[in-house]
Amino acid sequence: MRVLPDPDALDFADSVRDLLSDAAGSTALRGAWDNENGLIPGLWKQLAEVGVLGLTVPEEYGGSGADLTSALPVLVETGRAATPEPVVETLVGTAVLAAAGGELAAHWLPRVVTGDAVLTVAFGPGQLVTAAPWADLFVVRDAAGVRAVPAVDVARIDHNSVDTGRRLAEISYDPTAGTVVDGADAESAFDLGAVAIAAQLTGLADAMLEMAVEYAKTREQFGAPIGSFQAIKHHLATAYVANSFARPVVARGAFSVASGWSTRRRDASHAKYAAGQAARRAARTALQVHAGIGYTFEHDLHMWMKRTWSLTSQWGGQAWHRERVAAAVLDGSVEGQG
Amino acid sequence: MNIVVCVKQVPDTWAEKRLSDSDKTVDREGVEGVMNELDEYAVEEALRIKEAGGDGTVTVLTMGPDKAVETIRKALSMGADQAVHVVDDALHGSDALATSNALAKALGTIEYDLVILGVESTDARMSVIPAMLAERTGAAQLTFARKVEVSGTTVKIERQTDTGYDVVEASTPAIVSVVEKINEPRYPSFKGIMAAKKKPLTTLTIADAGVDGGSVGLAGSGTEVAEFAARPPKQAGQIVKDEGDGGAKLAEFLASQKLV
């Protein structure tokens, strides 16, 4: 296994980037913010067709059997496009079901890969669930371990989120509902999700910086593009460097998680923390560069900033991941999540 | 039905295109190469015809430097079955006439019923290769297609015109060029990208293809770029300040340009 993705994974990310820029640009994203279910119509099926949904699912269930390292570039692209669809949740949920195997996997995975069934996950205590209104299966962590609960047995209360492109809900179900997933490793699933979100965050940071740089090149003040002033360009360069430094940390996190290394908890947390800090910095810098217009609903920037805020506080917040890294480094102990 | 799709690697559609100072050919070194956008429609149409018919092969044919193999790989990732790459230093600088000669010879090494091309390339924008290929191979010329229907050995197209379309029909073998209205090209899937690596790719030199070295390249071309200059920058517009007479001034301007 390699730390860096192979050329096929990069070619695939190019293909997904083209798809997302054609089918899921900012106008489509704005539509998802405004419509009933928070999705871009038709996009899920397209993601299934090109192989995003089944990328890491074993071939016996119709997937491509790629590892997390190869999935990273695609996750970055879904971050860059601020894709509202539950790509990370699919990655984590399918990994849990595939690891368990048996009837549950055979029943659900082939349909998830083709986009005909949708699953979502909840791994943190009291964590709000995304994509709840249209999920067919909930893979959730509870006292019994990991439980797969069909949508029909789940009650939900929708919550407001700062990021309307990622709808959240609180769910409840009868403690005996659904099936306990045999031998599911909730901790590893959580780490997987943390790294996947980290990859999306680096993509979000890229997109926000690109927007800010573009704006700085066209917006003029004092007779010159504002990007020519050090007060602007140095900020942008610092944010760019921070994101560039986060990328290898995310690659390392993915490698550790995919290889089942003993440092995987620490590395996953480091990835989420570093990418989160870089993305928050990119958001703050982009907002400052855009100044007044960046605060408006009419400008696209807010959709990317709000996704950044929402993702940095989910799958473990910044402080939680930082503490987990500190614990691992200082006394070698790594607390599990929850 | 066996179909050949001719594809071309061109400088990135949105990149600034330059001619090299030394031999006045398109500078392909400094910019990223991509598959000519219109050729994606050609590949898609070939795949759809094959899928509808259920048999035959789709062969990608390209002529270009080593780097053009990236474009071949993209076409194979989309679903084409095999590829032929004509690569030879002697081809550098070929104009449309010389290119059509080399492509026609390369076509001679492949079994085909239909050849599909994009209507033009985004770098040269000549739009004549399909017609030249038809002339050189003796196949029917069905160009500017916005719709293609294949039934047995009959190919019927809707040929895009300025005011509508003509229906043109011919028997195979035929050369078809397609406009972008024709379909929505698919995106290479992960499985397609993985499979592309295992598909057969034949590399031909001009000698392999039976092309006479004197008939291609800068020397073998019928046209020559004598000189070139960058497009002059846009002139600043004229600003009319409305001081109650804006309408009159606009009318004056339009009249001075003979627009009214």
# chains A, B, ... in the order shown; residues from 1 in each chain; ligands from 1

$ interface_residues --of "chain A" --to "chain B" --cutoff "8 Å" --atoms "only C-alpha atoms" --output "count of residues only"
14

$ residues_around --residues "A:Asp182" --least-positions-apart "4" --cutoff "9 Å" --atoms "only C-alpha atoms" --output "number ranges by chain"
A: 100-101, 145-147

$ closest_residue --among "B:Val5, B:Val216, B:Ala106, B:Met35" --to "B:Pro130" --atoms "only C-alpha atoms"
B:Val5

$ atom_distance --atom1 "atom CA of A:Ala189" --atom2 "atom CA of A:Val257"
9.3 Å

$ select_by_dssp --residues "stretch 4-198 of chain B" --states "helix (DSSP H, G or I)" --output "NGL selection string"
:B and (37-53 or 66-78 or 89-91 or 96-107 or 129-137 or 180-182 or 190-196)

$ closest_residue --among "A:Gly193, A:Gly38, A:Gly276, A:Gly65" --to "A:Gln318" --atoms "only C-alpha atoms"
A:Gly276

$ residues_around --residues "stretch 174-177 of chain B" --least-positions-apart "3" --cutoff "8 Å" --atoms "only C-alpha atoms" --output "PyMOL selection string"
chain B and resi 42+113-119+130-131+133-134+139-145+155+170-171

$ closest_residue --among "B:Ala219, B:Ala15, B:Ile182, B:Ala230" --to "B:Glu149" --atoms "only C-alpha atoms"
B:Ile182

$ atom_distance --atom1 "atom CA of B:Asp21" --atom2 "atom CA of B:Gly213"
24.1 Å

$ residues_around --residues "stretch 306-309 of chain A" --least-positions-apart "4" --cutoff "7 Å" --atoms "only C-alpha atoms" --output "list of chain:residue names"
A:Ala82, A:Val162, A:Asp163, A:Leu201, A:Leu204, A:Ala279, A:Arg280, A:His302, A:Ser313

$ write_last_selection --atoms "C-alpha atoms" --output "mmCIF file, in the first residue's frame"
data_model
loop_
_atom_site.group_PDB
_atom_site.id
_atom_site.type_symbol
_atom_site.label_atom_id
_atom_site.label_comp_id
_atom_site.auth_asym_id
_atom_site.auth_seq_id
_atom_site.Cartn_x
_atom_site.Cartn_y
_atom_site.Cartn_z
ATOM 1 C CA ALA A 82 -19.190 21.410 -0.995
ATOM 2 C CA VAL A 162 -25.986 26.800 10.053
ATOM 3 C CA ASP A 163 -25.226 24.777 6.915
ATOM 4 C CA LEU A 201 -11.960 20.011 4.592
ATOM 5 C CA LEU A 204 -13.180 23.157 0.996
ATOM 6 C CA ALA A 279 -9.964 25.115 6.550
ATOM 7 C CA ARG A 280 -11.085 27.491 9.303
ATOM 8 C CA HIS A 302 -20.954 31.489 2.669
ATOM 9 C CA SER A 313 -17.560 20.527 14.694
#

$ residues_around --residues "A:Ala198" --least-positions-apart "3" --cutoff "8 Å" --atoms "only C-alpha atoms" --output "list of chain:residue names"
A:Ala194, A:Val195, A:Leu201, A:Thr202, A:Val250, A:Ala271, A:Lys272, A:Tyr273, A:Ala275, A:Gly276

$ write_last_selection --atoms "C-alpha atoms" --output "short mmCIF file (atom, residue, chain, number, x, y, z; two decimals), in the first residue's frame"
data_model
loop_
_atom_site.label_atom_id
_atom_site.label_comp_id
_atom_site.auth_asym_id
_atom_site.auth_seq_id
_atom_site.Cartn_x
_atom_site.Cartn_y
_atom_site.Cartn_z
CA ALA A 194 -12.67 11.58 10.74
CA VAL A 195 -10.05 11.13 7.98
CA LEU A 201 -11.96 20.01 4.59
CA THR A 202 -8.77 20.35 2.54
CA VAL A 250 -4.42 13.72 6.01
CA ALA A 271 -5.62 14.69 10.20
CA LYS A 272 -8.99 16.02 11.30
CA TYR A 273 -7.43 18.65 13.52
CA ALA A 275 -7.29 19.97 8.11
CA GLY A 276 -9.89 21.64 10.33
#

$ residues_around --residues "stretch 30-32 of chain B" --least-positions-apart "2" --cutoff "10 Å" --atoms "only C-alpha atoms" --output "VMD selection string"
chain B and resid 9 to 13 15 to 18 27 to 28 34

$ closest_residue --among "A:Val113, A:Leu91, A:Ala286, A:Leu4" --to "A:Leu47" --atoms "only C-alpha atoms"
A:Val113
